[in-house]
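Here's the structure we're looking at; comments come further down.
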Number of protein chains: 2
Amino acid sequence: MTPPGEGATPGPVVRFRDPQIEMAHGAGGIASRRLIDSLIAPLLLGSGARGLGDAAALPVDGAALVMTADGFVVTPLTFNGGSIGELAINGTVNDLVVSGAIPIAITVTLVLEAGLPTATLEAELRAMALTAARAGVQIVGGDTKVVEHGKADQMYISTAGIGRRLPNVCLGSTEVRPGDRVLLSGPIGDHGITILLARGELDLEADLCSDTRSVLPMVQPLLEALGPAIHWMRDPTRGGVASALNELALDTGLGITISEESLPLRLAVRGACELLGLDPLHIANEGQFLAVVAPEAADRALDIVRAAPGGEEARFIGEVGTEPAAAVLAQSRYGGTRIIDMLVGDPLPRIC
Amino acid sequence: MTPPGEGATPGPVVRFRDPQIEMAHGAGGIASRRLIDSLIAPLLLGSGARGLGDAAALPVDGAALVMTADGFVVTPLTFNGGSIGELAINGTVNDLVVSGAIPIAITVTLVLEAGLPTATLEAELRAMALTAARAGVQIVGGDTKVVEHGKADQMYISTAGIGRRLPNVCLGSTEVRPGDRVLLSGPIGDHGITILLARGELDLEADLCSDTRSVLPMVQPLLEALGPAIHWMRDPTRGGVASALNELALDTGLGITISEESLPLRLAVRGACELLGLDPLHIANEGQFLAVVAPEAADRALDIVRAAPGGEEARFIGEVGTEPAAAVLAQSRYGGTRIIDMLVGDPLPRIC
């Protein structure tokens, strides 16, 4: 707060006009981008900031550090294939990895609701420890706060991570060129639809698991072999592949054309999306990555990712061009095309 | 979660027996220490961990990094002299500083309750930016999540920070020796009592402000001048001076004797504590630090801190000895003594 008598500090002018925060502001789509770009980033990161990427580059005494932070409020806490603790560690690891860094250390801050069974907390602590060990990253500290019963929903987790940037890697929207190819590591929508089913609000059953996992085993060999030919990476979590690619299109002004036919999609995800009127391109993933690859390196890139554990279903789903400007276009198998927008609203709240 | 079929992963055995989480587990006193030492640290940090200090040392490629993380759930969000945003930045800065590091970068993760007025969020973003600028630290990124109305209390903030350890500084309970002196930077209890008054539940008024501030301007000259003679530091936040010194006593097995007469205490804090039956030694501070100093450096240490902006009221409040083993003793002005325990229970919930 401004101390009395000091007068109002002018600070940056903000263009965010929504009078209050709604669920959509946390959904990873267009409302989230507006909140970040027109309120949070200008105020917190200063006027030069271009929005919060997955991680910030931070050179310190010759070490090429990368730092990231994430919050997790998923409900329910556990679901097929994972839990909030696994998401928290894998999500932080993946933010570092798609920034071209090898994770080193993670901190874990817990906000616990009074009345939380110790067994629930213990299970998530064990899940975090196991997941960190699997990803080869160390949990180095954290903090624990407790709020009254009814002032949280069991537990929320916030993480931060630091990593060491791989040499010879230069990722960013400014590196992306027309002609680049768009690689996707595997089937989309598994995480989001799994959470939806876990809530039990729908009379649907499916043999589906969250894809929560570290993408390091797929990305590390890719970046080590092809470094400068990989131009941009992102893990398509909240808002899905559509929102990630739209962010790239908006940041570059270029057009991205994807082939709907080429999208890897499990039958259960396709069925649930058709039934519920959801676009699988908007559904969250927690163990996939998108990479924009120079065309001359495309074949090798695909071979490397497919040879890595977990990357067997990787494929190219599209290409960067100049048209449509700053937008994402999908070609259907029947030759039609449609513009793919960022996620609007929040059809699946608290997915991660 | 353990994948089906893999069987239970044994992992560390935990000794925490409370069936559920209560407010006291977040209060910074004896229940917090039990939760951390017997559940969270053994599971998250591995069997070698000795509990979560304020920050973890993290050497990376020749850079002597320190990393810390904090959660903030204070209610109300604003109070005399500060707000949750200021607390979040100053708290993170101070955790790094009392670990002997100069802060470099902070991340900010927000959990927002749907329905939060944008003006409230904007005020806290501006407060964080201003506080970071004052402390000379950069906010480099973060994350924003939104939960349904009624699933949080307006907003919670989680931060992480990294800093660069000052050369020639070696802080830790293993450095503490009998004969060392205990320095306190200024009056205690201002923050906790200010929050209590801000809640308006008591028919009390006082001209009191939170002491939230960066301790860097006081600590940096101290460590730069006297490095190895400063053996241990801590910012006595939740649980107060009593809990911080008890942690030191428990970690070392040594006894710490403080003089109650020497404790700097504003009249309003003294009055509120007497009225409410609270011990000012248990009340949270957000802009003070404790330093254990080698006796031969004591005079210079006090001169340095008193000459620094904000350190004018610093003084020595006690001494390290061998008795009483692993405990803190207070001498009253009338010659009596009493054992000062860690905070038990949570008389002032959600103080930071």
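Within each chain, counting starts at residue 1; across the structure tokens, chains are named A, B, ... in the order shown, with ligands numbered 1 upward in that order.
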Exercise. When the cut-off is 6 Å and we count only C-alpha atoms, which residues of chain A are near chain B, given as a ChimeraX atom specification?
Worked result: /A:1,19-23,26,44-45,52,61,63,69-70,82,114-118,127,129,139,141-143,145-146,151-153
Grab the residues selected above and save them as a PDB file, in the first residue's frame with C-alpha atoms.
```
ATOM      1  CA  MET A   1       0.000   0.000   0.000  1.00  0.00           C
ATOM      2  CA  PRO A  19     -14.686  -5.781 -13.006  1.00  0.00           C
ATOM      3  CA  GLN A  20     -14.002  -9.065 -11.249  1.00  0.00           C
ATOM      4  CA  ILE A  21     -12.119 -12.327 -11.630  1.00  0.00           C
ATOM      5  CA  GLU A  22     -14.089 -15.229 -13.110  1.00  0.00           C
ATOM      6  CA  MET A  23     -13.267 -18.913 -13.557  1.00  0.00           C
ATOM      7  CA  GLY A  26      -7.800 -19.257 -14.877  1.00  0.00           C
ATOM      8  CA  LEU A  44       4.439  -7.314 -12.088  1.00  0.00           C
ATOM      9  CA  LEU A  45       6.990  -7.734 -14.845  1.00  0.00           C
ATOM     10  CA  LEU A  52       4.613 -14.787 -18.797  1.00  0.00           C
ATOM     11  CA  ASP A  61      27.430 -15.850 -12.539  1.00  0.00           C
ATOM     12  CA  ALA A  63      25.162 -20.317 -14.988  1.00  0.00           C
ATOM     13  CA  ALA A  69       6.415 -21.325 -11.069  1.00  0.00           C
ATOM     14  CA  ASP A  70       3.083 -23.120 -11.130  1.00  0.00           C
ATOM     15  CA  GLY A  82      -2.288 -39.523 -11.284  1.00  0.00           C
ATOM     16  CA  ALA A 114      -8.066 -27.465   8.197  1.00  0.00           C
ATOM     17  CA  GLY A 115      -9.633 -30.897   8.564  1.00  0.00           C
ATOM     18  CA  LEU A 116      -7.653 -32.418   5.696  1.00  0.00           C
ATOM     19  CA  PRO A 117      -7.000 -36.076   6.602  1.00  0.00           C
ATOM     20  CA  THR A 118      -3.311 -36.649   7.225  1.00  0.00           C
ATOM     21  CA  ALA A 127       3.475 -38.991  -4.879  1.00  0.00           C
ATOM     22  CA  ALA A 129       8.688 -37.495  -3.886  1.00  0.00           C
ATOM     23  CA  ILE A 139      12.779 -31.090  -3.941  1.00  0.00           C
ATOM     24  CA  GLY A 141      12.321 -26.819   0.311  1.00  0.00           C
ATOM     25  CA  GLY A 142       8.964 -25.180   0.631  1.00  0.00           C
ATOM     26  CA  ASP A 143       6.384 -23.783   2.968  1.00  0.00           C
ATOM     27  CA  LYS A 145       0.113 -22.797   5.377  1.00  0.00           C
ATOM     28  CA  VAL A 146      -3.211 -23.890   6.850  1.00  0.00           C
ATOM     29  CA  LYS A 151     -11.458 -21.530   2.905  1.00  0.00           C
ATOM     30  CA  ALA A 152      -9.769 -23.933   0.474  1.00  0.00           C
ATOM     31  CA  ASP A 153     -10.668 -27.204  -1.237  1.00  0.00           C
TER      32      ASP A 153
END
```
For this session: Excluding region 274-289 of chain A and residues on its chain fewer than 2 positions from it, collect all residues at most 8 Å away from it, counting only C-alpha atoms, and give them as a ChimeraX atom specification.
Result: /A:87,90-91,94,98,184-193,210-215,233-243,269-272,291,342-343,351
For the selection you just gave me, I'd like the residues written to a file as a short mmCIF file (atom, residue, chain, number, x, y, z; two decimals), in the first residue's frame, keeping N, CA and C atoms.
```
data_model
loop_
_atom_site.label_atom_id
_atom_site.label_comp_id
_atom_site.auth_asym_id
_atom_site.auth_seq_id
_atom_site.Cartn_x
_atom_site.Cartn_y
_atom_site.Cartn_z
N LEU A 87 0.94 -34.13 -10.73
CA LEU A 87 0.78 -32.99 -11.66
C LEU A 87 1.73 -31.86 -11.30
N ASN A 90 5.40 -32.91 -12.22
CA ASN A 90 5.57 -33.05 -13.68
C ASN A 90 5.33 -31.73 -14.41
N GLY A 91 4.35 -30.96 -13.93
CA GLY A 91 4.06 -29.69 -14.58
C GLY A 91 5.23 -28.73 -14.50
N ASN A 94 8.04 -30.02 -16.70
CA ASN A 94 7.77 -29.82 -18.12
C ASN A 94 7.91 -28.36 -18.55
N VAL A 98 10.42 -27.63 -21.65
CA VAL A 98 10.05 -27.00 -22.92
C VAL A 98 10.66 -25.60 -23.07
N LEU A 184 3.90 -32.90 -32.55
CA LEU A 184 3.14 -33.16 -31.32
C LEU A 184 3.56 -34.54 -30.81
N SER A 185 3.79 -34.63 -29.48
CA SER A 185 4.43 -35.84 -28.95
C SER A 185 3.50 -37.04 -28.80
N GLY A 186 2.18 -36.82 -28.79
CA GLY A 186 1.29 -37.97 -28.59
C GLY A 186 -0.16 -37.54 -28.49
N PRO A 187 -1.04 -38.48 -28.12
CA PRO A 187 -2.49 -38.23 -28.14
C PRO A 187 -2.89 -37.08 -27.24
N ILE A 188 -3.88 -36.32 -27.66
CA ILE A 188 -4.29 -35.15 -26.89
C ILE A 188 -5.61 -35.39 -26.16
N GLY A 189 -5.77 -34.64 -25.08
CA GLY A 189 -7.04 -34.60 -24.36
C GLY A 189 -7.17 -35.62 -23.25
N ASP A 190 -6.21 -36.53 -23.11
CA ASP A 190 -6.35 -37.59 -22.10
C ASP A 190 -6.52 -37.01 -20.69
N HIS A 191 -5.71 -36.00 -20.35
CA HIS A 191 -5.78 -35.48 -18.98
C HIS A 191 -7.14 -34.83 -18.70
N GLY A 192 -7.52 -33.90 -19.57
CA GLY A 192 -8.76 -33.16 -19.33
C GLY A 192 -9.97 -34.06 -19.24
N ILE A 193 -10.08 -34.99 -20.16
CA ILE A 193 -11.26 -35.87 -20.15
C ILE A 193 -11.22 -36.81 -18.95
N SER A 210 -4.99 -40.06 -17.13
CA SER A 210 -4.25 -38.81 -17.34
C SER A 210 -2.90 -39.15 -17.96
N ASP A 211 -2.39 -38.25 -18.80
CA ASP A 211 -1.07 -38.45 -19.39
C ASP A 211 0.03 -37.80 -18.56
N THR A 212 -0.25 -37.44 -17.29
CA THR A 212 0.76 -36.75 -16.50
C THR A 212 2.08 -37.52 -16.48
N ARG A 213 3.13 -36.87 -16.91
CA ARG A 213 4.47 -37.47 -16.95
C ARG A 213 5.47 -36.37 -17.28
N SER A 214 6.73 -36.68 -17.03
CA SER A 214 7.81 -35.78 -17.44
C SER A 214 8.06 -35.97 -18.93
N VAL A 215 8.19 -34.85 -19.67
CA VAL A 215 8.51 -34.96 -21.09
C VAL A 215 10.03 -34.94 -21.32
N MET A 233 8.98 -24.46 -28.25
CA MET A 233 8.34 -25.62 -27.62
C MET A 233 7.32 -25.13 -26.60
N ARG A 234 6.35 -25.96 -26.33
CA ARG A 234 5.36 -25.63 -25.31
C ARG A 234 4.69 -26.94 -24.88
N ASP A 235 4.33 -27.02 -23.60
CA ASP A 235 3.48 -28.14 -23.19
C ASP A 235 2.04 -27.65 -23.17
N PRO A 236 1.19 -28.23 -23.99
CA PRO A 236 -0.18 -27.72 -24.16
C PRO A 236 -1.09 -28.16 -23.02
N THR A 237 -0.99 -27.46 -21.88
CA THR A 237 -1.80 -27.81 -20.71
C THR A 237 -3.14 -27.09 -20.80
N ARG A 238 -3.48 -26.27 -19.79
CA ARG A 238 -4.76 -25.53 -19.82
C ARG A 238 -4.95 -24.84 -21.17
N GLY A 239 -6.12 -24.98 -21.73
CA GLY A 239 -6.38 -24.33 -23.02
C GLY A 239 -6.02 -25.21 -24.20
N GLY A 240 -5.24 -26.27 -23.94
CA GLY A 240 -4.95 -27.28 -24.95
C GLY A 240 -4.05 -26.82 -26.08
N VAL A 241 -3.94 -27.68 -27.09
CA VAL A 241 -3.10 -27.42 -28.25
C VAL A 241 -3.56 -26.15 -28.96
N ALA A 242 -4.87 -25.93 -29.01
CA ALA A 242 -5.39 -24.75 -29.72
C ALA A 242 -4.88 -23.46 -29.09
N SER A 243 -4.90 -23.38 -27.76
CA SER A 243 -4.48 -22.15 -27.11
C SER A 243 -2.97 -21.95 -27.24
N VAL A 269 -11.55 -40.21 -25.90
CA VAL A 269 -11.50 -38.75 -25.87
C VAL A 269 -12.36 -38.19 -26.99
N ARG A 270 -12.23 -38.80 -28.18
CA ARG A 270 -13.06 -38.34 -29.30
C ARG A 270 -14.55 -38.47 -28.95
N GLY A 271 -14.92 -39.60 -28.36
CA GLY A 271 -16.32 -39.84 -28.03
C GLY A 271 -16.84 -38.86 -27.00
N ALA A 272 -16.06 -38.66 -25.93
CA ALA A 272 -16.50 -37.74 -24.88
C ALA A 272 -16.63 -36.32 -25.43
N ALA A 291 6.50 -29.01 -30.59
CA ALA A 291 7.79 -28.44 -30.98
C ALA A 291 7.67 -27.92 -32.41
N MET A 342 -8.53 -19.67 -29.62
CA MET A 342 -8.16 -20.00 -28.26
C MET A 342 -9.42 -20.44 -27.51
N LEU A 343 -9.20 -21.13 -26.42
CA LEU A 343 -10.33 -21.51 -25.57
C LEU A 343 -11.06 -20.25 -25.09
N ILE A 351 -8.65 -27.97 -13.84
CA ILE A 351 -8.17 -29.16 -14.52
C ILE A 351 -6.73 -29.49 -14.11
#
```
For this session: From the DSSP assignment of the backbone, select every residue of region 74-219 of chain A that is alpha helix (DSSP H), and format the answer as a ChimeraX atom specification.
Result: /A:84-97,118-135,190-198,216-219
Problem set entry | Backbone-only DSSP, strand (DSSP E or B) members of region 35-227 of chain A, as a PyMOL selection string | chain A and resi 56-60+63-72+78-79+82-83+101-113+117+138-147+155-165+181-184
For this session: Quick one: everything within 9 Å of Asp180 (chain A), counting only C-alpha atoms, minus sequence neighbours fewer than 6 positions away in the same chain. Send it as JSON, numbers by chain.
Result: {"A": [231, 292, 293, 294, 295, 296, 298, 318, 319, 320, 321]}
Exercise. Using only C-alpha atoms, which residues sit within 10 Å of Asp251 (chain A) once same-chain residues fewer than 3 positions away are excluded, as a PyMOL selection string?
Worked result: chain A and resi 50-51+172-174+245-248+254+326
Just-selected residues, C-alpha atoms written as a PDB file, in the first residue's frame:
```
ATOM      1  CA  ARG A  50       5.837  -9.745 -23.295  1.00  0.00           C
ATOM      2  CA  GLY A  51       3.676 -11.945 -21.098  1.00  0.00           C
ATOM      3  CA  GLY A 172      11.267 -18.629 -28.693  1.00  0.00           C
ATOM      4  CA  SER A 173       8.564 -17.286 -30.935  1.00  0.00           C
ATOM      5  CA  THR A 174      11.105 -14.981 -32.613  1.00  0.00           C
ATOM      6  CA  LEU A 245      -0.661 -22.617 -31.057  1.00  0.00           C
ATOM      7  CA  ASN A 246      -2.826 -19.485 -31.000  1.00  0.00           C
ATOM      8  CA  GLU A 247      -0.362 -17.893 -28.576  1.00  0.00           C
ATOM      9  CA  LEU A 248       2.420 -18.685 -31.013  1.00  0.00           C
ATOM     10  CA  LEU A 254       2.269 -15.996 -38.639  1.00  0.00           C
ATOM     11  CA  ALA A 326      -1.827 -14.468 -36.521  1.00  0.00           C
TER      12      ALA A 326
END
```
Problem set entry | Point-to-point distance from CA of Glu175 (chain A) to CA of Gly227 (chain A), Å rounded to tenths |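 One can read the CA of Glu175 (chain A) to CA of Gly227 (chain A) distance as 12.2 Å.
In this comparison, which uses only C-alpha atoms, the residue of A:Met218, A:Ala206, A:Ala297, A:Ile30 approaching Glu312 (chain A) most closely is A:Met218.
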For this session: Calculate how many Å separate CA of Val328 (chain B) from CA of Asp37 (chain B), rounding to one decimal.
Result: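 Computing the Euclidean distance for CA of Val328 (chain B) and CA of Asp37 (chain B) yields 19.8 Å.
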Exercise. Taking into account only C-alpha atoms, which residue in the set A:Val137, A:Ala268, A:Leu166, A:Cys209 is nearest to Thr92 (chain A)?
Worked result: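 Ranking A:Val137, A:Ala268, A:Leu166, A:Cys209 by distance to Thr92 (chain A), first place goes to A:Val137.
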Exercise. What separation in Å, quoted to one decimal, exists between CA of Ala249 (chain A) and CA of Ala327 (chain A)?
Worked result: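 So the two atoms, CA of Ala249 (chain A) and CA of Ala327 (chain A), lie 5.4 Å apart.
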